[in-house]
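K.L.:
Handing you this structure, nothing more for now.
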Amino acid sequence: MAGSSPEPDGRAPQVVLADDDVLLREGLASLLDRSGFKVAGQAGNSTELLALVRSARPELAVIDIRMPPGHTTEGLQAARVIRDELPGTAIIVLSAHVEVNEAMDLLEGGASLGYLLKSRVTDVAEFIETVKRITAGASVVDPSLVQELVRARRRRDPLDVLSPREREVLALMAEGASNAGIAQRIFVTEGTVEKHVRSILTKLDLPESGTDHRRVLAVLKFLEAR
Amino acid sequence: MNAAGTGADVSHATYAEAAQNPPEQTRLRQLADQQAALRRVATLVAHGARPSEVFTAVADELGHLVGAEATFISRVDTSGPSWPATATADLAGERPEPEGRSTVVGSYGRVRDEVPVGFRSRLQPGMATAAAIQTGRSVRVNGENLATGPFGPVVGRLGMRAAIATPIAVEGRYWGVTVAATSREDFPAGTESRMADFMELAATAIANAQADQELRELVETQAALRRLAMLVARGERPEAVFAATTREALRHFGHGTARMIRYEPDGTATLVANEGTTGPHVRVGERWEGYPPTGLTATVLRTGQATRIDDYRDIPGGEPYLNEGLRSAVAMPIHVNGRLWGMIAVGSPVAPLPPDTEQRMTQFTGLVATAVANAQNRAELMTSRARIVATADEARRQIERDLHDGTQQQLVSLMLELRMVQASLPAGLDELGSKLSRVIKRLAAVSDQVREISHGIHPAILSSAGLRPALRALGRRSAVPVDMDLRVDGRLPQPVEIGAYYVVSEMLTNAVKHARASVVEVDAEVSGGALLLRVRDDGIGGADLRRGSGLTGLTDRIEALGGTFSLHSPGGGGTAVRCELPVPAQGGQGDAGHGG
């Protein structure tokens, strides 16, 4: 599965990893290494991570959300600092469980952000594909979180106005898929997807947004608030 | 012999003659006067007059009857064996000098200003009062003896020349002494017996007045104690119980001030409540210091006994008390569980407090001790319950962390490693490769299970993000639609967040598993220092706290936090829970590590 470099200039994208579990970090490093990335360094906590990012200036940082000393959401805070200082760095935050408030927190930062369940890394091909999309500018939210949001039962559910197909498209929008990506996933043309998307936005009274990552955040916010 | 002299002589002679050989008419008139006087006193008692009014009336009537210009009635409390157990004349005569104090309880005529009600004096030789007690009979003092006695100066100022002191027995026990004085040369002979007769009859009125007063006091004290007991039973904070107790003490025993002081194990004292007068040294809730070494605080601490100060001017270091307007005070020790816990003191700005203050306060103090013990036990119980809950929560958090940072991480590592192995398989081993894939998939399922379990043990989001996001997540994951109205911003103390979370969680479980509800409503609001949580479903109702459901555990948890939890679940009428949790004020945003 060792793919060719995703960078147009042929250089392997640099990545730094942060996780206090050395075994897991090494496993992930080896996985990314074999998938066309160059692991520029590893960190066991936020402080090390920030120092590493500042010196190595990687294209991507893959960060465990829960790290010493507090073991709560240190990774999320580090992501915010990196986004402020080096907005060009793509960031993936991995978590053992996914929470919508954390996803929204992270995605407020703009493009090239990912919020995924940690266990996704074991589905290697899909994970690497997602990492590449994020590095290329997409924002991605773990499908299980989107499922939780879409499936939540409401007495008066605003999603009731959507057709089953539109619901499916809405969920993929929330996961961060582009129209082309959605078209590929549900086996229709991109034009059909565009029609669905317009219909959804109208029915739910959501603003038309220029970029995919803004669309992800808007849909997430809508789903959370419903 | 001039007319004036003759007149005086005649007058005197007539008086003396009348006293020694009273004609029938005079005797009858005296008897009628005495009866009328007694009737007036009895009427006063019947109308519920205060004892002081009754005593003053008795002094007044006695003065009229025996022709005295000054009379007073003293309550005498003696120490030592000199005060006979019963008022039997046989026992009188040979006893030693009495020791003790007399307190004026009723005063009439010229002595009112010099010897006012509340005036206290130590019994000493030469005093008519002391002599009356010693002998158990009326004692007459006149001429030189009166002028040179302990009250000589007073007697001189008032121009008194003769006095008779008569012991008063109430219900067969010596109670006090009445003293009548005249500015004439002397009282007629037989005045002693007339005084004694009258006082014997008036004693009934005194006894009634006293019994009436005691009864009223008993009723009032009981009412006060009942109010205090209610406070304790309601679980009021100890500080509130102390304050209420001190207020009652002031109402019933004090004349300006009451305060409660607690002795700390390190030998210091804390002022826990104050009512009435105050000063710069009076700071409730703070260290009580700078008190005089012979004052109440020090004396009670040293002796463990009731103690009194009749005049702060006699106490070195008593100035702060004088400055706040106190003259005298009485302190009662409070013993809790066999050790000296503290004291409760009452004070007065004028005369010394009545001599029976200590005795009257005894029952009160005993029950105060019970209230203190109850309040303390309750507070300790609450603390220990809260500690047990916090410890259990901390243990759950630790288990969640172990599962999360340990087990789950290892599972993910393991899966990654298997992926590596799979990737490095030589060509032609496709079957082994797909077996590995299946193993990895099963491991992924295990990992999902561990995640669910750890979330059930303690939702990490509750610690990391607080109650609102945690409840919203809970609602989304519920199988029954949940309508939420959460007016909770920021963080609350961790035990409150956890308690509220479990209430909602348990109600959602109940709605799905037992109530067959179609919707659950959750309202949460923080206002007035409390989190008010209301959860109701539209299910079949009939939930019972006594039937050992998860709801029972909630009651314990909420009560441990000092909150209230009530369940309303009529058959067919849905289930509703109302839960109120106190939210102690804390500086700014609560931090997640507050719970341990």
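We label chains A, B, ... in the order they appear in the structure tokens, count residues from 1 in each chain, and number ligands from 1 in the order shown.
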Excluding A:Gly114 and any residue of its chain fewer than 2 positions from it, enumerate the residues within 12 Å of it, using only C-alpha atoms, and give them as a PyMOL selection string.
P.N.:
chain A and resi 60-65+76+79+89-95+98+102-112+116-118+120+127+130-143+174-177+213+216-217
K.L.:
Could you please take those selected residues and save C-alpha atoms as a compact mmCIF listing (two decimals), in the first residue's frame?
P.N.:
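Listing of part.txt after writing:
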```txt
# COMPACT_ATOMS: atom_id res chain seq x y z
CA LEU A 60 0.31 17.92 8.97
CA ALA A 61 0.01 17.31 12.72
CA VAL A 62 -1.81 14.21 14.00
CA ILE A 63 -2.71 14.80 17.65
CA ASP A 64 -4.25 12.67 20.37
CA ILE A 65 -6.88 14.80 22.11
CA LEU A 76 -7.61 20.40 21.13
CA ALA A 79 -4.48 22.43 17.77
CA THR A 89 -0.60 23.25 9.00
CA ALA A 90 -3.29 20.62 8.50
CA ILE A 91 -4.41 19.12 11.80
CA ILE A 92 -6.09 15.85 12.67
CA VAL A 93 -7.29 15.39 16.22
CA LEU A 94 -7.84 11.78 17.27
CA SER A 95 -10.09 10.89 20.17
CA VAL A 98 -16.26 11.80 19.67
CA GLU A 102 -15.19 19.26 20.44
CA ALA A 103 -15.72 18.88 16.69
CA MET A 104 -17.26 22.33 16.39
CA ASP A 105 -14.52 23.79 18.55
CA LEU A 106 -11.88 22.42 16.23
CA LEU A 107 -13.65 23.20 12.96
CA GLU A 108 -14.11 26.84 13.89
CA GLY A 109 -10.41 27.03 12.98
CA GLY A 110 -11.04 26.85 9.23
CA ALA A 111 -9.96 24.41 6.52
CA SER A 112 -7.69 21.33 6.68
CA LEU A 116 -11.73 11.38 14.04
CA LEU A 117 -12.18 8.40 16.29
CA LYS A 118 -8.81 6.96 17.13
CA ARG A 120 -10.19 4.82 12.46
CA PHE A 127 -7.66 6.49 7.03
CA THR A 130 -8.91 10.81 4.72
CA VAL A 131 -5.50 12.10 5.84
CA LYS A 132 -4.68 13.00 2.27
CA ARG A 133 -7.97 14.83 1.82
CA ILE A 134 -7.41 16.81 4.97
CA THR A 135 -3.86 17.67 3.98
CA ALA A 136 -5.28 18.86 0.67
CA GLY A 137 -7.69 21.26 2.45
CA ALA A 138 -10.82 19.30 3.38
CA SER A 139 -12.36 19.34 6.84
CA VAL A 140 -13.53 15.98 8.06
CA VAL A 141 -15.76 14.86 10.93
CA ASP A 142 -15.94 11.28 12.11
CA PRO A 143 -18.93 9.50 10.54
CA ALA A 174 -21.48 16.94 7.69
CA GLU A 175 -18.68 14.41 7.36
CA GLY A 176 -16.88 16.86 5.12
CA ALA A 177 -17.36 15.25 1.75
CA HIS A 213 -15.21 23.35 5.34
CA VAL A 216 -19.31 21.21 7.40
CA LEU A 217 -19.43 23.61 10.33
```
K.L.:
List every residue of stretch 68-221 of chain A that DSSP, applied to the backbone, labels as helix (DSSP H, G or I), and write the result as a PyMOL selection string.
P.N.:
chain A and resi 74-85+100-107+118-122+124-135+143-151+158-161+164-175+179-186+190-204+212-221
K.L.:
Restricting the output to C-alpha atoms, write the selected residues as a JSON list (two decimals), in the first residue's frame.
P.N.:
```json
[["chain", "number", "residue", "atom", "x", "y", "z"],
["A", 74, "GLU", "CA", -5.00, 19.13, 25.72],
["A", 75, "GLY", "CA", -4.77, 18.08, 22.06],
["A", 76, "LEU", "CA", -7.61, 20.40, 21.13],
["A", 77, "GLN", "CA", -5.92, 23.32, 22.83],
["A", 78, "ALA", "CA", -2.62, 22.55, 21.11],
["A", 79, "ALA", "CA", -4.48, 22.43, 17.77],
["A", 80, "ARG", "CA", -5.83, 25.90, 18.41],
["A", 81, "VAL", "CA", -2.33, 27.25, 19.11],
["A", 82, "ILE", "CA", -0.94, 25.64, 15.96],
["A", 83, "ARG", "CA", -3.82, 27.04, 13.90],
["A", 84, "ASP", "CA", -3.12, 30.52, 15.25],
["A", 85, "GLU", "CA", 0.63, 30.41, 14.76],
["A", 100, "VAL", "CA", -19.93, 17.36, 18.82],
["A", 101, "ASN", "CA", -18.81, 20.30, 20.95],
["A", 102, "GLU", "CA", -15.19, 19.26, 20.44],
["A", 103, "ALA", "CA", -15.72, 18.88, 16.69],
["A", 104, "MET", "CA", -17.26, 22.33, 16.39],
["A", 105, "ASP", "CA", -14.52, 23.79, 18.55],
["A", 106, "LEU", "CA", -11.88, 22.42, 16.23],
["A", 107, "LEU", "CA", -13.65, 23.20, 12.96],
["A", 118, "LYS", "CA", -8.81, 6.96, 17.13],
["A", 119, "SER", "CA", -9.82, 3.49, 16.04],
["A", 120, "ARG", "CA", -10.19, 4.82, 12.46],
["A", 121, "VAL", "CA", -6.43, 4.47, 12.05],
["A", 122, "THR", "CA", -6.83, 0.70, 11.92],
["A", 124, "VAL", "CA", -5.69, 1.82, 7.02],
["A", 125, "ALA", "CA", -6.69, 2.50, 3.43],
["A", 126, "GLU", "CA", -9.64, 4.71, 4.35],
["A", 127, "PHE", "CA", -7.66, 6.49, 7.03],
["A", 128, "ILE", "CA", -4.81, 7.33, 4.66],
["A", 129, "GLU", "CA", -7.33, 8.54, 2.10],
["A", 130, "THR", "CA", -8.91, 10.81, 4.72],
["A", 131, "VAL", "CA", -5.50, 12.10, 5.84],
["A", 132, "LYS", "CA", -4.68, 13.00, 2.27],
["A", 133, "ARG", "CA", -7.97, 14.83, 1.82],
["A", 134, "ILE", "CA", -7.41, 16.81, 4.97],
["A", 135, "THR", "CA", -3.86, 17.67, 3.98],
["A", 143, "PRO", "CA", -18.93, 9.50, 10.54],
["A", 144, "SER", "CA", -20.01, 8.01, 13.88],
["A", 145, "LEU", "CA", -20.48, 11.49, 15.31],
["A", 146, "VAL", "CA", -22.49, 12.55, 12.28],
["A", 147, "GLN", "CA", -24.60, 9.41, 12.61],
["A", 148, "GLU", "CA", -25.28, 10.23, 16.27],
["A", 149, "LEU", "CA", -26.36, 13.74, 15.31],
["A", 150, "VAL", "CA", -28.56, 12.65, 12.42],
["A", 151, "ARG", "CA", -30.14, 9.76, 14.28],
["A", 158, "PRO", "CA", -36.77, 19.67, 11.36],
["A", 159, "LEU", "CA", -35.12, 16.86, 9.38],
["A", 160, "ASP", "CA", -38.58, 15.42, 8.70],
["A", 161, "VAL", "CA", -38.85, 17.77, 5.72],
["A", 164, "PRO", "CA", -34.27, 9.86, 2.74],
["A", 165, "ARG", "CA", -31.82, 10.65, -0.05],
["A", 166, "GLU", "CA", -31.44, 14.22, 1.17],
["A", 167, "ARG", "CA", -30.73, 12.96, 4.67],
["A", 168, "GLU", "CA", -28.02, 10.76, 3.29],
["A", 169, "VAL", "CA", -26.51, 13.73, 1.43],
["A", 170, "LEU", "CA", -26.77, 15.92, 4.54],
["A", 171, "ALA", "CA", -24.83, 13.36, 6.58],
["A", 172, "LEU", "CA", -22.08, 13.22, 3.97],
["A", 173, "MET", "CA", -21.95, 17.02, 3.92],
["A", 174, "ALA", "CA", -21.48, 16.94, 7.69],
["A", 175, "GLU", "CA", -18.68, 14.41, 7.36],
["A", 179, "ASN", "CA", -20.03, 17.33, -3.90],
["A", 180, "ALA", "CA", -17.75, 15.17, -6.05],
["A", 181, "GLY", "CA", -17.05, 12.96, -3.06],
["A", 182, "ILE", "CA", -20.74, 12.62, -2.31],
["A", 183, "ALA", "CA", -21.49, 11.81, -5.94],
["A", 184, "GLN", "CA", -18.92, 9.05, -5.80],
["A", 185, "ARG", "CA", -20.30, 7.66, -2.55],
["A", 186, "ILE", "CA", -23.96, 7.50, -3.58],
["A", 190, "GLU", "CA", -22.22, 15.63, -9.33],
["A", 191, "GLY", "CA", -25.06, 17.67, -10.87],
["A", 192, "THR", "CA", -27.62, 15.56, -9.00],
["A", 193, "VAL", "CA", -25.69, 16.11, -5.77],
["A", 194, "GLU", "CA", -25.72, 19.85, -6.36],
["A", 195, "LYS", "CA", -29.49, 19.73, -6.79],
["A", 196, "HIS", "CA", -29.86, 17.80, -3.51],
["A", 197, "VAL", "CA", -27.59, 20.20, -1.69],
["A", 198, "ARG", "CA", -29.52, 23.26, -2.86],
["A", 199, "SER", "CA", -32.79, 21.65, -1.85],
["A", 200, "ILE", "CA", -31.43, 20.77, 1.61],
["A", 201, "LEU", "CA", -30.08, 24.24, 2.21],
["A", 202, "THR", "CA", -33.41, 25.78, 1.22],
["A", 203, "LYS", "CA", -35.52, 23.40, 3.27],
["A", 204, "LEU", "CA", -33.39, 23.81, 6.38],
["A", 212, "ASP", "CA", -16.70, 22.83, 1.91],
["A", 213, "HIS", "CA", -15.21, 23.35, 5.34],
["A", 214, "ARG", "CA", -17.66, 26.18, 6.09],
["A", 215, "ARG", "CA", -20.45, 23.92, 4.95],
["A", 216, "VAL", "CA", -19.31, 21.21, 7.40],
["A", 217, "LEU", "CA", -19.43, 23.61, 10.33],
["A", 218, "ALA", "CA", -22.82, 25.04, 9.34],
["A", 219, "VAL", "CA", -24.38, 21.59, 9.04],
["A", 220, "LEU", "CA", -22.82, 20.44, 12.31],
["A", 221, "LYS", "CA", -24.18, 23.50, 14.10]]
```
K.L.:
In Å, with one decimal, what is the gap from atom CA of B:Asp266 to atom CA of B:Leu381?
P.N.:
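Atom-to-atom, atom CA of B:Asp266 and atom CA of B:Leu381 are spaced 23.2 Å apart.
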K.L.:
Do me a favour and pick out the residues of chain B within 10 Å of chain A, using only C-alpha atoms, as a PyMOL selection string.
P.N.:
chain B and resi 401+404-406+408-420+423+437+440-441+444+447-448+451-452+454-455+459-461+463-465+469-470+472-483+518-520+592-593
K.L.:
One decimal, Å: what's the distance from atom CA of B:Thr294 over to atom CA of B:Met361, could you say?
P.N.:
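If I compute the distance from atom CA of B:Thr294 to atom CA of B:Met361, I get 21.5 Å.
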K.L.:
Between B:Met195, B:Ala530, B:Val389, B:Leu231, which has the minimum distance to B:Leu492 (counting only C-alpha atoms)?
P.N.:
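The closest residue to B:Leu492 is B:Ala530.
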K.L.:
Select, from B:Ser527, B:Asn145, B:Thr552, B:Thr299, the residue with the minimum atom-to-atom distance to B:Val503, counting only C-alpha atoms.
P.N.:
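Smallest separation from B:Val503 among the options: B:Thr552.
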K.L.:
Just the residues within 10 Å of B:Pro238, please, counting only C-alpha atoms, with nothing from its chain fewer than 3 positions along; format it as a PyMOL selection string.
P.N.:
chain B and resi 231-232+235+241-244+272+371-379
K.L.:
Could you name the residues that touch B:Ala211 at 12 Å or less, counting only C-alpha atoms, but leaving out those on the same chain fewer than 3 positions away, as a list of chain:residue names?
P.N.:
B:Val45, B:Ala46, B:Gly48, B:Ala49, B:Arg50, B:Pro51, B:Val170, B:Glu171, B:Ala203, B:Thr204, B:Ala205, B:Ile206, B:Ala207, B:Asn208, B:Glu214, B:Leu215, B:Arg216, B:Glu217, B:Leu218, B:Val219
K.L.:
For atom CA of B:Glu220 and atom CA of B:Gly295, determine how far apart the two atoms are, in Å to one decimal place.
P.N.:
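Distance between the two atoms: 29.4 Å.
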K.L.:
Any idea what's packed within 12 Å of stretch 115-117 of chain B, counting only C-alpha atoms, ignoring anything in its chain fewer than 6 positions away? Could you give it as a PyMOL selection string?
P.N.:
chain B and resi 51-53+55-56+59+70-75+102-109+151+154-155+158+179+350-354
